[in-house]
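One structure is given below, encoded as structure tokens.
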Amino acid sequence: MSGMRSYGDPCGVARGLDVIGERWALLVVRDLLLGPRRFNDLLGGLPGVSPNVLSQRLRQLTDHGVVRRRDLGPPTRVHLYELTEWGRALEPILLQFGRWGSQSPQLPDGALGIDSLLLSIKAAFDPARAADLRGVYKFHIDADTYLAEVADDSVQIRRDTTPEPDAALTTDIDTLRAVCGHQITMAAAQDSGRLRLSGDQHATRRLTTLLLTPFTPAPQLTADADEDLNRQ
């Protein structure tokens, strides 16, 4: 790790910044919170980062024990990057930091990525509502599949294809952004064929509520869920 900059301060905050304080490092961690990713997937999810910088950050995070590389071997010869147990311990910190950052008066022009959208669900989740939202839900977004499980007092979200869900949503990232950004309603997205919901009425309503809660005031959320339920 020679050549890496350090604050030279034994304080835990400074030591933490020695590990994840470089530009792009925390965003790499963010994009690994929902599960392992290939290098090109990480590159595609971080607009503005160069391949050389991403390689450097992954190497530094690996050297520090935050990330590890897993080689699947032949015949695929795919290299996956995933968080170590110590790296996963950053999740509550990042979720809280995201809540804090979302209050910033400055809003960049960039589009919200799929991992950020789904992490917003975790950041906004109210454990008191777990009983109302309990279930297993899948989000098929373009070529990726994510599994959300609500049980007890928490929600877990990860890139996965199992088990069978109570309800599923299939769409593309642009449509999902439009729905979450209130540019189009869930019902209108369904009418256009750009979004599909499967599952019984109550399960799809729970899925809709879980997805839209971080982006919608409570009264409007209830109205949207009722509209979706009445259409089925």
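Identifiers in the structure tokens: chain A, B, ... in order shown; residue index from 1 per chain; ligand index from 1 in order shown.
Residues of region 126-171 of chain A that DSSP places in alpha helix (DSSP H), based on the backbone of this structure, are Ala130, Ala131, Asp132 and Leu133 of chain A.
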Quiz prompt | region 48-60 of chain A surroundings by only C-alpha atoms, 9 Å radius, close-in-sequence under 3 positions cut, as a PyMOL selection string | solution = chain A and resi 1+4+19-20+22-25+28+39-40+42-43+63-69+81
Cut-off 12 Å: closest region 66-162 of chain A/region 180-183 of chain A atom pairs per residue, using only C-alpha atoms, as a tab-separated table:
```
residue	atom	partner	partner_atom	distance
A:Ala111	CA	A:Gly181	CA	10.6
A:Leu112	CA	A:Gly181	CA	9.9
A:Gly113	CA	A:Cys180	CA	11.9
A:Ile114	CA	A:Cys180	CA	11.2
A:Ser116	CA	A:Cys180	CA	11.9
A:Leu117	CA	A:Cys180	CA	8.5
A:Leu118	CA	A:Cys180	CA	10.7
A:Ser120	CA	A:Cys180	CA	10.7
A:Ile121	CA	A:Cys180	CA	11.2
```
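Straight-line separation from CA of Arg158 (chain A) to CA of Lys138 (chain A): 9.8 Å.
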Exercise. Show which residues sit within 8 Å of Ala168 (chain A), as number ranges by chain. Count only C-alpha atoms, and ignore same-chain residues fewer than 3 positions away.
Key: A: 137-140, 165, 197-199, 204, 207
Atoms to include: C-alpha atoms. Write the selected residues as an mmCIF file, in the first residue's frame.
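See again_0.cif below for the written result:
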```
data_model
loop_
_atom_site.group_PDB
_atom_site.id
_atom_site.type_symbol
_atom_site.label_atom_id
_atom_site.label_comp_id
_atom_site.auth_asym_id
_atom_site.auth_seq_id
_atom_site.Cartn_x
_atom_site.Cartn_y
_atom_site.Cartn_z
ATOM 1 C CA TYR A 137 -40.576 -9.541 -4.357
ATOM 2 C CA LYS A 138 -38.573 -9.567 -7.556
ATOM 3 C CA PHE A 139 -37.538 -6.639 -9.709
ATOM 4 C CA HIS A 140 -36.568 -7.575 -13.280
ATOM 5 C CA PRO A 165 -41.627 -14.290 -5.312
ATOM 6 C CA LEU A 197 -46.701 -6.527 -12.510
ATOM 7 C CA SER A 198 -47.356 -10.174 -11.694
ATOM 8 C CA GLY A 199 -48.773 -11.740 -8.545
ATOM 9 C CA THR A 204 -48.486 -6.361 -6.041
ATOM 10 C CA LEU A 207 -44.516 -4.391 -3.865
#
```
Please extract the residues of region 125-229 of chain A with a backbone DSSP assignment of strand (DSSP E) and present them as an mmCIF file with N, CA and C atoms, in the first residue's frame.
```cif
data_model
loop_
_atom_site.group_PDB
_atom_site.id
_atom_site.type_symbol
_atom_site.label_atom_id
_atom_site.label_comp_id
_atom_site.auth_asym_id
_atom_site.auth_seq_id
_atom_site.Cartn_x
_atom_site.Cartn_y
_atom_site.Cartn_z
ATOM 1 N N GLY A 135 -43.108 -10.094 2.632
ATOM 2 C CA GLY A 135 -43.221 -10.867 1.400
ATOM 3 C C GLY A 135 -41.891 -10.946 0.673
ATOM 4 N N VAL A 136 -41.898 -11.649 -0.441
ATOM 5 C CA VAL A 136 -40.723 -11.798 -1.305
ATOM 6 C C VAL A 136 -41.082 -11.206 -2.664
ATOM 7 N N TYR A 137 -40.263 -10.279 -3.126
ATOM 8 C CA TYR A 137 -40.576 -9.541 -4.357
ATOM 9 C C TYR A 137 -39.368 -9.539 -5.288
ATOM 10 N N LYS A 138 -39.649 -9.628 -6.571
ATOM 11 C CA LYS A 138 -38.573 -9.567 -7.556
ATOM 12 C C LYS A 138 -38.733 -8.330 -8.428
ATOM 13 N N PHE A 139 -37.589 -7.761 -8.778
ATOM 14 C CA PHE A 139 -37.538 -6.639 -9.709
ATOM 15 C C PHE A 139 -36.678 -7.072 -10.894
ATOM 16 N N HIS A 140 -37.301 -7.267 -12.048
ATOM 17 C CA HIS A 140 -36.568 -7.575 -13.280
ATOM 18 C C HIS A 140 -36.347 -6.240 -13.996
ATOM 19 N N ILE A 141 -35.133 -5.736 -13.919
ATOM 20 C CA ILE A 141 -34.809 -4.434 -14.517
ATOM 21 C C ILE A 141 -33.805 -4.661 -15.637
ATOM 22 N N ASP A 144 -31.040 -7.432 -15.423
ATOM 23 C CA ASP A 144 -30.720 -7.775 -14.040
ATOM 24 C C ASP A 144 -31.972 -8.144 -13.249
ATOM 25 N N THR A 145 -31.796 -9.031 -12.280
ATOM 26 C CA THR A 145 -32.882 -9.420 -11.392
ATOM 27 C C THR A 145 -32.462 -9.193 -9.952
ATOM 28 N N TYR A 146 -33.338 -8.534 -9.198
ATOM 29 C CA TYR A 146 -33.090 -8.237 -7.790
ATOM 30 C C TYR A 146 -34.200 -8.850 -6.952
ATOM 31 N N LEU A 147 -33.828 -9.331 -5.788
ATOM 32 C CA LEU A 147 -34.782 -9.947 -4.881
ATOM 33 C C LEU A 147 -34.880 -9.101 -3.622
ATOM 34 N N ALA A 148 -36.098 -8.764 -3.228
ATOM 35 C CA ALA A 148 -36.337 -8.017 -1.993
ATOM 36 C C ALA A 148 -37.168 -8.898 -1.063
ATOM 37 N N GLU A 149 -36.692 -9.070 0.161
ATOM 38 C CA GLU A 149 -37.401 -9.877 1.150
ATOM 39 C C GLU A 149 -37.683 -9.022 2.385
ATOM 40 N N VAL A 150 -38.945 -8.888 2.716
ATOM 41 C CA VAL A 150 -39.354 -8.161 3.912
ATOM 42 C C VAL A 150 -39.805 -9.186 4.946
ATOM 43 N N ALA A 151 -39.124 -9.195 6.078
ATOM 44 C CA ALA A 151 -39.466 -10.128 7.148
ATOM 45 C C ALA A 151 -39.074 -9.507 8.476
ATOM 46 N N SER A 154 -37.033 -5.872 8.979
ATOM 47 C CA SER A 154 -36.015 -5.402 8.038
ATOM 48 C C SER A 154 -36.382 -5.786 6.614
ATOM 49 N N VAL A 155 -35.688 -5.162 5.666
ATOM 50 C CA VAL A 155 -35.802 -5.531 4.256
ATOM 51 C C VAL A 155 -34.395 -5.824 3.749
ATOM 52 N N GLN A 156 -34.260 -6.941 3.054
ATOM 53 C CA GLN A 156 -32.997 -7.328 2.452
ATOM 54 C C GLN A 156 -33.162 -7.325 0.941
ATOM 55 N N ILE A 157 -32.217 -6.705 0.244
ATOM 56 C CA ILE A 157 -32.277 -6.626 -1.216
ATOM 57 C C ILE A 157 -30.937 -7.090 -1.762
ATOM 58 N N ARG A 158 -30.996 -7.938 -2.773
ATOM 59 C CA ARG A 158 -29.749 -8.435 -3.366
ATOM 60 C C ARG A 158 -30.001 -8.839 -4.812
ATOM 61 N N ARG A 159 -28.935 -8.915 -5.584
ATOM 62 C CA ARG A 159 -29.034 -9.445 -6.930
ATOM 63 C C ARG A 159 -29.205 -10.965 -6.819
ATOM 64 N N ALA A 167 -44.700 -11.466 -5.659
ATOM 65 C CA ALA A 167 -45.045 -10.548 -6.750
ATOM 66 C C ALA A 167 -43.757 -10.134 -7.449
ATOM 67 N N ALA A 168 -43.898 -9.730 -8.698
ATOM 68 C CA ALA A 168 -42.723 -9.326 -9.474
ATOM 69 C C ALA A 168 -43.050 -8.125 -10.339
ATOM 70 N N LEU A 169 -42.034 -7.312 -10.566
ATOM 71 C CA LEU A 169 -42.133 -6.141 -11.445
ATOM 72 C C LEU A 169 -41.088 -6.305 -12.539
ATOM 73 N N THR A 170 -41.501 -6.086 -13.785
ATOM 74 C CA THR A 170 -40.593 -6.172 -14.928
ATOM 75 C C THR A 170 -40.663 -4.874 -15.708
ATOM 76 N N THR A 171 -39.508 -4.235 -15.886
ATOM 77 C CA THR A 171 -39.473 -2.969 -16.622
ATOM 78 C C THR A 171 -38.034 -2.669 -17.017
ATOM 79 N N LEU A 195 -44.117 -1.547 -18.360
ATOM 80 C CA LEU A 195 -43.978 -2.095 -17.014
ATOM 81 C C LEU A 195 -45.043 -3.158 -16.817
ATOM 82 N N ARG A 196 -44.627 -4.286 -16.209
ATOM 83 C CA ARG A 196 -45.576 -5.363 -15.933
ATOM 84 C C ARG A 196 -45.469 -5.772 -14.468
ATOM 85 N N LEU A 197 -46.631 -6.011 -13.873
ATOM 86 C CA LEU A 197 -46.701 -6.527 -12.510
ATOM 87 C C LEU A 197 -47.333 -7.904 -12.556
ATOM 88 N N SER A 198 -46.771 -8.842 -11.783
ATOM 89 C CA SER A 198 -47.356 -10.174 -11.694
ATOM 90 C C SER A 198 -47.470 -10.569 -10.228
ATOM 91 N N GLY A 199 -48.503 -11.360 -9.925
ATOM 92 C CA GLY A 199 -48.773 -11.740 -8.545
ATOM 93 C C GLY A 199 -50.194 -11.358 -8.184
#
```
Practice problem: Quick one: pull the distance between CA of Arg206 (chain A) and CA of Gly98 (chain A), Å, one decimal. | Solution: 23.9 Å
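Between Gly101 (chain A) and the candidates A:Val29, A:Ile173, A:Val78, A:Ala123, the tightest atom-to-atom separation, counting only C-alpha atoms, involves A:Ala123.
Atom pair CA of Leu94 (chain A) / CA of Arg30 (chain A) has a distance of 7.3 Å (rounded to one decimal).
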Practice problem: Name the closest residue to Asp126 (chain A) among the candidates A:Asp166, A:Thr213, A:Ser192, A:Arg88; distances are taken between atoms, counting only C-alpha atoms. | Solution: A:Thr213
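Distance annotation: of A:Asp132, A:Asp191, A:Glu91, A:Asp160, the residue with the minimal separation from Gly35 (chain A) is A:Asp160; atom set is only C-alpha atoms.
When only C-alpha atoms are used to compute distances to Ala188 (chain A), the closest of the residues A:Thr208, A:Thr175, A:Arg38, A:Asp9 turns out to be A:Thr175.
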